[in-house]
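Novice: Just final.cif, nothing more (mmCIF, C-alpha atoms):
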data_query
loop_
_atom_site.group_PDB
_atom_site.id
_atom_site.type_symbol
_atom_site.label_atom_id
_atom_site.label_comp_id
_atom_site.auth_asym_id
_atom_site.auth_seq_id
_atom_site.Cartn_x
_atom_site.Cartn_y
_atom_site.Cartn_z
ATOM 1 C CA MET A 292 19.840 -31.444 -6.848
ATOM 2 C CA SER A 293 18.628 -27.833 -7.045
ATOM 3 C CA ARG A 294 14.975 -27.112 -6.455
ATOM 4 C CA ILE A 295 12.678 -24.136 -6.100
ATOM 5 C CA ASP A 296 9.531 -23.652 -4.006
ATOM 6 C CA LEU A 297 7.024 -21.084 -5.245
ATOM 7 C CA HIS A 298 4.210 -21.562 -2.728
ATOM 8 C CA LEU A 299 4.970 -20.802 0.924
ATOM 9 C CA HIS A 300 3.038 -19.187 3.786
ATOM 10 C CA THR A 301 4.296 -17.373 6.869
ATOM 11 C CA THR A 302 2.904 -15.828 10.055
ATOM 12 C CA HIS A 303 1.863 -12.835 7.962
ATOM 13 C CA SER A 304 -1.108 -14.924 6.827
ATOM 14 C CA ASP A 305 -1.891 -18.440 8.055
ATOM 15 C CA GLY A 306 1.552 -19.982 8.369
ATOM 16 C CA SER A 307 3.121 -20.711 11.761
ATOM 17 C CA LEU A 308 6.708 -19.575 11.064
ATOM 18 C CA GLN A 309 8.216 -16.151 10.511
ATOM 19 C CA PRO A 310 9.468 -15.427 6.957
ATOM 20 C CA ALA A 311 13.132 -15.677 8.000
ATOM 21 C CA GLU A 312 12.483 -19.087 9.563
ATOM 22 C CA VAL A 313 10.853 -20.307 6.346
ATOM 23 C CA VAL A 314 13.867 -19.123 4.355
ATOM 24 C CA ARG A 315 16.227 -20.971 6.689
ATOM 25 C CA LEU A 316 14.231 -24.185 6.234
ATOM 26 C CA ALA A 317 14.386 -23.644 2.484
ATOM 27 C CA ARG A 318 18.165 -23.467 2.594
ATOM 28 C CA GLU A 319 18.297 -26.729 4.553
ATOM 29 C CA ALA A 320 16.107 -28.348 1.887
ATOM 30 C CA GLY A 321 18.399 -27.258 -0.951
ATOM 31 C CA VAL A 322 15.996 -24.621 -2.273
ATOM 32 C CA THR A 323 17.741 -21.970 -4.374
ATOM 33 C CA ALA A 324 14.741 -19.701 -5.005
ATOM 34 C CA LEU A 325 11.393 -19.330 -3.276
ATOM 35 C CA ALA A 326 8.246 -17.235 -3.310
ATOM 36 C CA ILE A 327 6.431 -16.048 -0.216
ATOM 37 C CA THR A 328 2.761 -16.296 -1.205
ATOM 38 C CA ASP A 329 0.801 -15.272 1.859
ATOM 39 C CA HIS A 330 -2.970 -14.965 1.544
ATOM 40 C CA ASP A 331 -4.092 -11.455 0.577
ATOM 41 C CA ILE A 332 -1.046 -9.749 2.133
ATOM 42 C CA THR A 333 2.532 -8.912 1.112
ATOM 43 C CA THR A 334 4.050 -7.693 4.381
ATOM 44 C CA GLY A 335 6.202 -10.807 4.830
ATOM 45 C CA ILE A 336 8.249 -10.096 1.712
ATOM 46 C CA PRO A 337 10.802 -7.632 3.220
ATOM 47 C CA GLU A 338 11.875 -9.986 6.030
ATOM 48 C CA ALA A 339 12.121 -12.904 3.610
ATOM 49 C CA THR A 340 14.176 -10.826 1.173
ATOM 50 C CA ALA A 341 16.625 -9.813 3.901
ATOM 51 C CA ALA A 342 16.989 -13.442 5.029
ATOM 52 C CA GLY A 343 17.422 -14.545 1.428
ATOM 53 C CA GLN A 344 20.235 -12.064 0.883
ATOM 54 C CA GLU A 345 21.967 -13.342 4.017
ATOM 55 C CA LEU A 346 21.600 -17.011 3.086
ATOM 56 C CA GLY A 347 22.050 -16.752 -0.684
ATOM 57 C CA ILE A 348 18.475 -17.651 -1.652
ATOM 58 C CA GLU A 349 16.549 -15.732 -4.295
ATOM 59 C CA ILE A 350 13.238 -14.384 -2.998
ATOM 60 C CA ILE A 351 10.417 -13.821 -5.466
ATOM 61 C CA PRO A 352 7.665 -11.449 -4.331
ATOM 62 C CA GLY A 353 4.348 -13.286 -4.414
ATOM 63 C CA ILE A 354 0.743 -13.445 -3.270
ATOM 64 C CA GLU A 355 -2.131 -15.922 -3.124
ATOM 65 C CA ILE A 356 -5.565 -14.449 -3.803
ATOM 66 C CA SER A 357 -8.800 -16.325 -3.169
ATOM 67 C CA SER A 358 -11.649 -15.914 -5.647
ATOM 68 C CA ARG A 359 -15.225 -17.155 -5.812
ATOM 69 C CA TYR A 360 -15.920 -19.855 -8.377
ATOM 70 C CA GLY A 361 -19.390 -21.365 -8.218
ATOM 71 C CA ASP A 362 -19.990 -22.586 -4.680
ATOM 72 C CA SER A 363 -16.281 -22.975 -3.928
ATOM 73 C CA GLU A 364 -13.022 -21.046 -4.034
ATOM 74 C CA LEU A 365 -10.371 -20.831 -6.725
ATOM 75 C CA HIS A 366 -6.937 -19.554 -5.731
ATOM 76 C CA VAL A 367 -4.673 -17.475 -7.951
ATOM 77 C CA LEU A 368 -0.962 -17.102 -7.247
ATOM 78 C CA GLY A 369 0.910 -13.967 -8.291
ATOM 79 C CA TYR A 370 4.658 -13.768 -8.943
ATOM 80 C CA PHE A 371 7.181 -10.967 -9.548
ATOM 81 C CA LEU A 372 4.436 -8.443 -8.839
ATOM 82 C CA ASP A 373 5.018 -4.902 -7.620
ATOM 83 C CA TRP A 374 4.001 -5.521 -4.038
ATOM 84 C CA HIS A 375 4.237 -1.795 -3.275
ATOM 85 C CA ASP A 376 1.480 -1.045 -5.809
ATOM 86 C CA PRO A 377 -1.130 1.085 -3.955
ATOM 87 C CA GLU A 378 -4.095 -0.188 -5.972
ATOM 88 C CA LEU A 379 -3.153 -3.813 -5.327
ATOM 89 C CA ASN A 380 -2.737 -3.177 -1.625
ATOM 90 C CA ALA A 381 -6.079 -1.376 -1.421
ATOM 91 C CA ARG A 382 -7.736 -4.415 -2.990
ATOM 92 C CA LEU A 383 -5.929 -6.786 -0.628
ATOM 93 C CA THR A 384 -7.055 -4.677 2.325
ATOM 94 C CA THR A 385 -10.647 -5.106 1.146
ATOM 95 C CA LEU A 386 -10.179 -8.889 1.079
ATOM 96 C CA ARG A 387 -8.733 -8.937 4.586
ATOM 97 C CA GLU A 388 -11.640 -6.810 5.802
ATOM 98 C CA SER A 389 -14.058 -9.395 4.410
ATOM 99 C CA ARG A 390 -12.333 -11.964 6.629
ATOM 100 C CA HIS A 391 -12.668 -9.673 9.645
ATOM 101 C CA ARG A 392 -16.411 -9.418 9.014
ATOM 102 C CA ARG A 393 -16.784 -13.172 8.645
ATOM 103 C CA ASN A 394 -14.565 -14.445 11.457
ATOM 104 C CA PRO A 395 -16.722 -13.250 14.392
ATOM 105 C CA GLN A 396 -19.716 -14.948 12.771
ATOM 106 C CA ILE A 397 -17.764 -18.226 12.653
ATOM 107 C CA ILE A 398 -16.863 -17.799 16.319
ATOM 108 C CA GLU A 399 -20.523 -17.204 17.200
ATOM 109 C CA ARG A 400 -21.505 -20.418 15.422
ATOM 110 C CA LEU A 401 -18.807 -22.380 17.255
ATOM 111 C CA GLN A 402 -19.975 -20.912 20.549
ATOM 112 C CA SER A 403 -23.541 -21.942 19.721
ATOM 113 C CA LEU A 404 -22.201 -25.492 19.417
ATOM 114 C CA GLY A 405 -20.954 -25.298 22.995
ATOM 115 C CA ILE A 406 -17.305 -24.606 22.165
ATOM 116 C CA ASP A 407 -15.413 -22.227 24.472
ATOM 117 C CA ILE A 408 -13.643 -19.903 22.027
ATOM 118 C CA THR A 409 -13.334 -16.137 21.500
ATOM 119 C CA TYR A 410 -12.208 -14.020 18.573
ATOM 120 C CA ASP A 411 -9.576 -12.369 20.769
ATOM 121 C CA GLU A 412 -7.957 -15.785 21.178
ATOM 122 C CA VAL A 413 -7.909 -16.255 17.420
ATOM 123 C CA ARG A 414 -6.406 -12.820 16.782
ATOM 124 C CA ALA A 415 -3.704 -13.538 19.362
ATOM 125 C CA VAL A 416 -2.749 -16.748 17.568
ATOM 126 C CA ALA A 417 -2.734 -15.006 14.167
ATOM 127 C CA GLY A 418 -0.493 -12.153 15.293
ATOM 128 C CA SER A 419 -1.066 -10.308 12.014
ATOM 129 C CA ASP A 420 -3.703 -8.429 10.062
ATOM 130 C CA SER A 421 -4.534 -11.507 7.992
ATOM 131 C CA VAL A 422 -6.773 -13.658 10.193
ATOM 132 C CA GLY A 423 -8.503 -16.696 8.722
ATOM 133 C CA ARG A 424 -10.032 -20.091 9.347
ATOM 134 C CA PRO A 425 -6.643 -21.825 9.820
ATOM 135 C CA HIS A 426 -6.080 -19.611 12.884
ATOM 136 C CA ILE A 427 -9.472 -20.653 14.238
ATOM 137 C CA ALA A 428 -8.433 -24.257 13.598
ATOM 138 C CA ARG A 429 -5.230 -23.703 15.590
ATOM 139 C CA VAL A 430 -7.200 -22.433 18.595
ATOM 140 C CA LEU A 431 -9.489 -25.466 18.360
ATOM 141 C CA MET A 432 -6.374 -27.643 18.325
ATOM 142 C CA ASP A 433 -4.902 -25.823 21.336
ATOM 143 C CA LYS A 434 -8.142 -26.424 23.234
ATOM 144 C CA ASN A 435 -8.132 -30.129 22.273
ATOM 145 C CA VAL A 436 -11.477 -29.751 20.516
ATOM 146 C CA VAL A 437 -9.849 -31.314 17.458
ATOM 147 C CA ALA A 438 -6.608 -33.188 16.887
ATOM 148 C CA SER A 439 -5.663 -31.468 13.622
ATOM 149 C CA ALA A 440 -6.510 -28.587 11.330
ATOM 150 C CA ARG A 441 -7.980 -31.072 8.883
ATOM 151 C CA GLU A 442 -10.381 -32.313 11.556
ATOM 152 C CA ALA A 443 -11.353 -28.711 12.371
ATOM 153 C CA PHE A 444 -12.291 -28.089 8.749
ATOM 154 C CA ASP A 445 -13.976 -31.458 8.284
ATOM 155 C CA ARG A 446 -16.136 -31.038 11.405
ATOM 156 C CA PHE A 447 -16.735 -27.301 11.609
ATOM 157 C CA LEU A 448 -15.097 -24.899 9.157
ATOM 158 C CA ALA A 449 -15.397 -26.259 5.620
ATOM 159 C CA ASN A 450 -18.163 -25.327 3.201
ATOM 160 C CA GLY A 451 -21.373 -27.026 4.351
ATOM 161 C CA LYS A 452 -20.168 -27.591 7.923
ATOM 162 C CA PRO A 453 -21.905 -26.106 11.009
ATOM 163 C CA ALA A 454 -19.610 -23.088 11.498
ATOM 164 C CA TYR A 455 -18.978 -22.229 7.851
ATOM 165 C CA VAL A 456 -19.700 -18.655 6.779
ATOM 166 C CA PRO A 457 -19.016 -17.545 3.182
ATOM 167 C CA ARG A 458 -17.128 -14.331 2.520
ATOM 168 C CA ASP A 459 -17.065 -11.769 -0.249
ATOM 169 C CA LEU A 460 -14.541 -12.756 -2.891
ATOM 170 C CA PRO A 461 -13.672 -11.456 -6.366
ATOM 171 C CA ASP A 462 -14.341 -13.315 -9.591
ATOM 172 C CA PRO A 463 -11.297 -15.332 -10.779
ATOM 173 C CA ALA A 464 -10.913 -13.008 -13.775
ATOM 174 C CA ASP A 465 -10.779 -10.008 -11.426
ATOM 175 C CA ALA A 466 -8.162 -11.667 -9.193
ATOM 176 C CA ILE A 467 -6.059 -12.328 -12.286
ATOM 177 C CA GLN A 468 -6.374 -8.729 -13.414
ATOM 178 C CA TRP A 469 -5.376 -7.422 -9.975
ATOM 179 C CA ILE A 470 -2.109 -9.327 -10.315
ATOM 180 C CA LYS A 471 -1.582 -8.284 -13.923
ATOM 181 C CA ALA A 472 -2.216 -4.630 -13.049
ATOM 182 C CA ALA A 473 0.612 -4.929 -10.489
ATOM 183 C CA LYS A 474 2.928 -6.239 -13.252
ATOM 184 C CA GLY A 475 2.838 -9.808 -11.966
ATOM 185 C CA LEU A 476 2.365 -13.274 -13.433
ATOM 186 C CA ALA A 477 -0.955 -14.953 -12.569
ATOM 187 C CA VAL A 478 -0.957 -18.723 -11.951
ATOM 188 C CA LEU A 479 -3.765 -21.145 -11.131
ATOM 189 C CA ALA A 480 -2.978 -22.673 -7.729
ATOM 190 C CA HIS A 481 -3.379 -26.398 -6.941
ATOM 191 C CA PRO A 482 -5.716 -27.348 -9.827
ATOM 192 C CA THR A 483 -6.616 -30.564 -8.012
ATOM 193 C CA TRP A 484 -8.704 -28.373 -5.661
ATOM 194 C CA VAL A 485 -10.698 -26.805 -8.467
ATOM 195 C CA LYS A 486 -14.245 -28.066 -8.920
ATOM 196 C CA ALA A 487 -15.054 -27.249 -12.540
ATOM 197 C CA THR A 488 -18.722 -26.284 -12.688
ATOM 198 C CA GLU A 489 -19.094 -25.612 -16.393
ATOM 199 C CA GLY A 490 -17.295 -28.043 -18.682
ATOM 200 C CA THR A 491 -13.902 -29.568 -17.987
ATOM 201 C CA LEU A 492 -10.871 -28.195 -16.188
ATOM 202 C CA THR A 493 -9.387 -27.568 -19.627
ATOM 203 C CA ASP A 494 -12.390 -25.436 -20.549
ATOM 204 C CA LEU A 495 -11.986 -23.430 -17.356
ATOM 205 C CA VAL A 496 -8.255 -22.930 -17.867
ATOM 206 C CA ARG A 497 -8.872 -21.710 -21.424
ATOM 207 C CA ARG A 498 -11.356 -19.139 -20.095
ATOM 208 C CA LEU A 499 -8.906 -18.052 -17.418
ATOM 209 C CA LYS A 500 -6.138 -17.706 -19.991
ATOM 210 C CA ALA A 501 -8.405 -15.410 -21.999
ATOM 211 C CA ALA A 502 -8.696 -13.341 -18.796
ATOM 212 C CA GLY A 503 -4.896 -13.136 -18.492
ATOM 213 C CA LEU A 504 -3.804 -16.330 -16.732
ATOM 214 C CA ASP A 505 -0.099 -17.054 -17.309
ATOM 215 C CA GLY A 506 0.506 -20.453 -15.739
ATOM 216 C CA VAL A 507 -0.593 -23.551 -13.836
ATOM 217 C CA GLU A 508 0.818 -24.965 -10.595
ATOM 218 C CA VAL A 509 1.724 -28.397 -11.945
ATOM 219 C CA HIS A 510 4.077 -29.571 -9.187
ATOM 220 C CA TYR A 511 2.319 -29.615 -5.801
ATOM 221 C CA SER A 512 2.677 -31.506 -2.535
ATOM 222 C CA THR A 513 -0.532 -33.517 -2.807
ATOM 223 C CA HIS A 514 -0.575 -34.081 -6.575
ATOM 224 C CA THR A 515 -0.192 -37.719 -7.495
ATOM 225 C CA PRO A 516 2.247 -38.627 -10.302
ATOM 226 C CA ARG A 517 -0.772 -39.085 -12.571
ATOM 227 C CA GLN A 518 -2.131 -35.640 -11.700
ATOM 228 C CA THR A 519 1.261 -34.039 -12.240
ATOM 229 C CA ARG A 520 1.424 -35.575 -15.720
ATOM 230 C CA GLU A 521 -2.157 -34.510 -16.406
ATOM 231 C CA TYR A 522 -1.557 -30.886 -15.391
ATOM 232 C CA LEU A 523 1.737 -30.758 -17.266
ATOM 233 C CA SER A 524 -0.123 -31.900 -20.380
ATOM 234 C CA LEU A 525 -2.805 -29.292 -19.716
ATOM 235 C CA ALA A 526 -0.215 -26.506 -19.439
ATOM 236 C CA LYS A 527 1.342 -27.544 -22.737
ATOM 237 C CA GLN A 528 -2.039 -27.897 -24.438
ATOM 238 C CA VAL A 529 -3.202 -24.419 -23.410
ATOM 239 C CA ASP A 530 0.307 -22.902 -23.735
ATOM 240 C CA LEU A 531 0.756 -21.845 -20.120
ATOM 241 C CA LEU A 532 3.805 -21.624 -17.882
ATOM 242 C CA VAL A 533 4.559 -24.431 -15.426
ATOM 243 C CA THR A 534 5.150 -23.680 -11.737
ATOM 244 C CA GLY A 535 5.173 -25.598 -8.488
ATOM 245 C CA GLY A 536 5.403 -25.321 -4.744
ATOM 246 C CA SER A 537 4.887 -27.058 -1.441
ATOM 247 C CA ASP A 538 2.098 -24.868 0.017
ATOM 248 C CA PHE A 539 3.971 -24.974 3.305
ATOM 249 C CA HIS A 540 2.059 -23.660 6.339
ATOM 250 C CA GLY A 541 3.743 -25.253 9.351
ATOM 251 C CA VAL A 542 1.617 -26.597 12.200
ATOM 252 C CA THR A 543 -1.690 -26.602 10.319
ATOM 253 C CA LYS A 544 -0.169 -28.794 7.600
ATOM 254 C CA PRO A 545 2.482 -30.720 9.571
ATOM 255 C CA ASP A 546 3.032 -33.291 6.832
ATOM 256 C CA ILE A 547 4.112 -30.635 4.323
ATOM 257 C CA GLU A 548 7.769 -29.553 4.445
ATOM 258 C CA VAL A 549 9.492 -26.663 2.718
ATOM 259 C CA GLY A 550 10.902 -27.628 -0.659
ATOM 260 C CA ILE A 551 9.935 -31.294 -0.552
ATOM 261 C CA GLY A 552 6.234 -31.297 0.357
ATOM 262 C CA LYS A 553 5.400 -34.786 1.611
ATOM 263 C CA GLY A 554 8.913 -35.933 0.749
ATOM 264 C CA THR A 555 8.681 -36.501 -2.990
ATOM 265 C CA LEU A 556 8.063 -32.990 -4.310
ATOM 266 C CA HIS A 557 10.709 -31.629 -6.645
ATOM 267 C CA VAL A 558 10.116 -28.379 -8.488
ATOM 268 C CA PRO A 559 13.035 -28.106 -10.952
ATOM 269 C CA ASP A 560 14.890 -24.806 -10.917
ATOM 270 C CA HIS A 561 14.938 -24.544 -14.716
ATOM 271 C CA LEU A 562 11.244 -23.572 -14.612
ATOM 272 C CA LEU A 563 12.296 -20.257 -13.114
ATOM 273 C CA VAL A 564 14.022 -19.198 -16.337
ATOM 274 C CA LYS A 565 10.781 -19.158 -18.331
ATOM 275 C CA LEU A 566 8.963 -17.422 -15.482
ATOM 276 C CA LYS A 567 11.571 -14.673 -15.382
ATOM 277 C CA ASP A 568 11.470 -14.282 -19.161
ATOM 278 C CA ALA A 569 7.691 -13.914 -19.051
ATOM 279 C CA ALA A 570 7.853 -11.458 -16.161
ATOM 280 C CA ALA A 571 10.427 -9.342 -18.010
ATOM 281 C CA ARG A 572 7.984 -8.964 -20.895
ATOM 282 C CA LEU A 573 5.208 -7.536 -18.723
#
Would you give me this structure, written as structure tokens?

Specialist:
Amino acid sequence: MSRIDLHLHTTHSDGSLQPAEVVRLAREAGVTALAITDHDITTGIPEATAAGQELGIEIIPGIEISSRYGDSELHVLGYFLDWHDPELNARLTTLRESRHRRNPQIIERLQSLGIDITYDEVRAVAGSDSVGRPHIARVLMDKNVVASAREAFDRFLANGKPAYVPRDLPDPADAIQWIKAAKGLAVLAHPTWVKATEGTLTDLVRRLKAAGLDGVEVHYSTHTPRQTREYLSLAKQVDLLVTGGSDFHGVTKPDIEVGIGKGTLHVPDHLLVKLKDAAARL
């Protein structure tokens, strides 16, 4: 049974495996096409593409951009975008710099709580230019301060917790336009995470479509069958493309596997046809 996976992270952002390793896992899971969607960075795409050519897996260039929505974040996935685009990369650099400004402040707050941790340790774990809270969580795990990344966020790193520091993020409409300007498709990631502040999720999705949104991530590792049906209905109602992916990270989300999520995820490969048709019209 062929499947695709359009939401995967590597060591180039907050994943724990190199792009080639992720592609190899995808092949083992029966994935025929995948998208590397690292946070605010595209440098993992070349290695994934080379591995895909070797293993016969189609690699779709992607990105995941965080945006500010009310008091929380809203994530926008980009597909088939020109990842060489200089304007896009300048904007992504700005986002990564906002993380670099925030991360030392998080470390200072953890230290004030009596936790032995340094930013150099976090950067060493990250091993890339895209350093974020999941890397801080991994150091806390290594030091046995917490047992899991989820515990790190629940106790220290999530919004409202003792070490949380907000960062500068674009408006969702701006994130969408960054992707569109790079000739990509813009998709609302994991709608179950979205906390609609004005009206319903449908109202929000309609506003985002007016700003250029192309699709909704209907199939997702933690979506229940009811949520999957709900988001599929939403996509049809608002006339948006349907996508899906595991949101694989590796050690920080150990229960999520490439291609199959928590074991029941299946993103049908026929969805890729409509995505390619839409991308060809950009």

Novice: The PyMOL selection byres ((chain A and resi 490-506) around 7) on the file shown: which residues, as a ChimeraX atom specification?

Specialist: /A:464,467-468,476-479,487-489,507-508,525,529,531-534

Novice: A:Pro516, A:Pro453, A:Gly535, A:Gly541: which is nearest Ala480 of chain A, counting only C-alpha atoms?

Specialist: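 Smallest separation from Ala480 of chain A among the options: A:Gly535.
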
Novice: Kindly resolve the PyMOL selection byres ((chain A and resi 386) around 9) on the present coordinates and return the residues as a list in words.

Specialist: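 So the PyMOL selection byres ((chain A and resi 386) around 9), applied here, picks out Asp331, Ile356, Ser357, Ala381, Arg382, Leu383, Thr384, Thr385, Arg387, Glu388, Ser389, Arg390, His391, Arg458, Asp459, Leu460 and Pro461 of chain A.
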
Novice: Can you write just those residues out, C-alpha atoms, as a PDB file, keeping the file's coordinate frame?

Specialist:
ATOM      1  CA  ASP A 331      -4.092 -11.455   0.577  1.00  0.00           C
ATOM      2  CA  ILE A 356      -5.565 -14.449  -3.803  1.00  0.00           C
ATOM      3  CA  SER A 357      -8.800 -16.325  -3.169  1.00  0.00           C
ATOM      4  CA  ALA A 381      -6.079  -1.376  -1.421  1.00  0.00           C
ATOM      5  CA  ARG A 382      -7.736  -4.415  -2.990  1.00  0.00           C
ATOM      6  CA  LEU A 383      -5.929  -6.786  -0.628  1.00  0.00           C
ATOM      7  CA  THR A 384      -7.055  -4.677   2.325  1.00  0.00           C
ATOM      8  CA  THR A 385     -10.647  -5.106   1.146  1.00  0.00           C
ATOM      9  CA  ARG A 387      -8.733  -8.937   4.586  1.00  0.00           C
ATOM     10  CA  GLU A 388     -11.640  -6.810   5.802  1.00  0.00           C
ATOM     11  CA  SER A 389     -14.058  -9.395   4.410  1.00  0.00           C
ATOM     12  CA  ARG A 390     -12.333 -11.964   6.629  1.00  0.00           C
ATOM     13  CA  HIS A 391     -12.668  -9.673   9.645  1.00  0.00           C
ATOM     14  CA  ARG A 458     -17.128 -14.331   2.520  1.00  0.00           C
ATOM     15  CA  ASP A 459     -17.065 -11.769  -0.249  1.00  0.00           C
ATOM     16  CA  LEU A 460     -14.541 -12.756  -2.891  1.00  0.00           C
ATOM     17  CA  PRO A 461     -13.672 -11.456  -6.366  1.00  0.00           C
TER      18      PRO A 461
END

Novice: Record the distance separating atom CA of Asn435 of chain A and atom CA of Ala415 of chain A, expressed in Å with one decimal.

Specialist: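 Separation between atom CA of Asn435 of chain A and atom CA of Ala415 of chain A: 17.4 Å.
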
Novice: I need the residue nearest Ala428 of chain A from this list: A:Glu349, A:Glu548, A:Asp305, A:Asp411. Use all atoms listed in the file for the distance.

Specialist: A:Asp305

Novice: Suppose you want the space between atom CA of Lys434 of chain A and atom CA of Asp538 of chain A; what is it in Å?

Specialist: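 Those two atoms sit 25.4 Å apart.
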
Novice: Please list as a CSV table (one decimal) with C-alpha atoms, in the frame of the given file every residue within 7 Å of segment 335-337 of chain A, counting all atoms listed in the file and excluding residues in the same chain fewer than 3 positions away.

Specialist:
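Saved file around-v5.csv follows:
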chain,number,residue,atom,x,y,z
A,303,HIS,CA,1.9,-12.8,8.0
A,310,PRO,CA,9.5,-15.4,7.0
A,327,ILE,CA,6.4,-16.0,-0.2
A,340,THR,CA,14.2,-10.8,1.2
A,341,ALA,CA,16.6,-9.8,3.9
A,352,PRO,CA,7.7,-11.4,-4.3

Novice: List the spatial neighbours of Ile354 of chain A as a list in words - criterion: any atom at most 6 Å away, all atoms listed in the file, same-chain residues fewer than 6 positions off excluded.

Specialist: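 Contacts, with the query itself left out: Thr328, Asp329, Leu368 and Gly369 of chain A.
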
Novice: I need the residue set behind the PyMOL selection byres ((chain A and resi 298) around 12) for this file; please write it as a count of residues only.

Specialist: 50

Novice: Out of A:Pro463, A:Gly343, A:Gly405, A:Gly418, which residue has the shortest atom-to-atom distance to Ser363 of chain A when counting all atoms listed in the file?

Specialist: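 For Ser363 of chain A, the nearest of the candidates is A:Pro463.
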
Novice: Could you tell me how far atom CA of Asp376 of chain A sits from atom CA of Asn394 of chain A, in Å to one decimal place?

Specialist: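 Computed distance, atom CA of Asn394 of chain A to atom CA of Asp376 of chain A, equals 27.1 Å.
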
Novice: Within 10 Å of Ser439 of chain A, counting only C-alpha atoms, which residues qualify if same-chain residues fewer than 6 places away don't, as number ranges by chain?

Specialist: A: 428-429, 431-433, 445, 542-545

Novice: Only C-alpha atoms, please: the residues just picked out, written as a short mmCIF file (atom, residue, chain, number, x, y, z; two decimals), in the frame of the given file.

Specialist:
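Full text of out.cif as output:
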data_model
loop_
_atom_site.label_atom_id
_atom_site.label_comp_id
_atom_site.auth_asym_id
_atom_site.auth_seq_id
_atom_site.Cartn_x
_atom_site.Cartn_y
_atom_site.Cartn_z
CA ALA A 428 -8.43 -24.26 13.60
CA ARG A 429 -5.23 -23.70 15.59
CA LEU A 431 -9.49 -25.47 18.36
CA MET A 432 -6.37 -27.64 18.32
CA ASP A 433 -4.90 -25.82 21.34
CA ASP A 445 -13.98 -31.46 8.28
CA VAL A 542 1.62 -26.60 12.20
CA THR A 543 -1.69 -26.60 10.32
CA LYS A 544 -0.17 -28.79 7.60
CA PRO A 545 2.48 -30.72 9.57
#

Novice: Which polymer residues, whether protein, DNA or RNA, lie within 6 Å of the coordinate (-14.5, -13.8, 19.1) when you count only C-alpha atoms? List them as a PyMOL selection string, using the chain letters and numbers from the file.

Specialist: chain A and resi 395+398+409-411

Novice: Neighbouring residues of Ala571 of chain A were defined as those with any atom within 12 Å, considering only C-alpha atoms; residues of the same chain fewer than 3 positions away were excluded. Please report them as an mmCIF file with C-alpha atoms, keeping the file's coordinate frame.

Specialist:
data_model
loop_
_atom_site.group_PDB
_atom_site.id
_atom_site.type_symbol
_atom_site.label_atom_id
_atom_site.label_comp_id
_atom_site.auth_asym_id
_atom_site.auth_seq_id
_atom_site.Cartn_x
_atom_site.Cartn_y
_atom_site.Cartn_z
ATOM 1 C CA TYR A 370 4.658 -13.768 -8.943
ATOM 2 C CA PHE A 371 7.181 -10.967 -9.548
ATOM 3 C CA LEU A 372 4.436 -8.443 -8.839
ATOM 4 C CA LYS A 474 2.928 -6.239 -13.252
ATOM 5 C CA GLY A 475 2.838 -9.808 -11.966
ATOM 6 C CA LEU A 476 2.365 -13.274 -13.433
ATOM 7 C CA VAL A 564 14.022 -19.198 -16.337
ATOM 8 C CA LYS A 565 10.781 -19.158 -18.331
ATOM 9 C CA LEU A 566 8.963 -17.422 -15.482
ATOM 10 C CA LYS A 567 11.571 -14.673 -15.382
ATOM 11 C CA ASP A 568 11.470 -14.282 -19.161
#

Novice: Go through A:Ala454, A:Val422, A:Ala449, A:Trp374 one by one, measure the shortest atom-to-atom distance of each to Gln396 of chain A using all atoms listed in the file, and give the residue with the smallest value.

Specialist: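 Of A:Ala454, A:Val422, A:Ala449, A:Trp374, the one nearest Gln396 of chain A, counting all atoms listed in the file, is A:Ala454.
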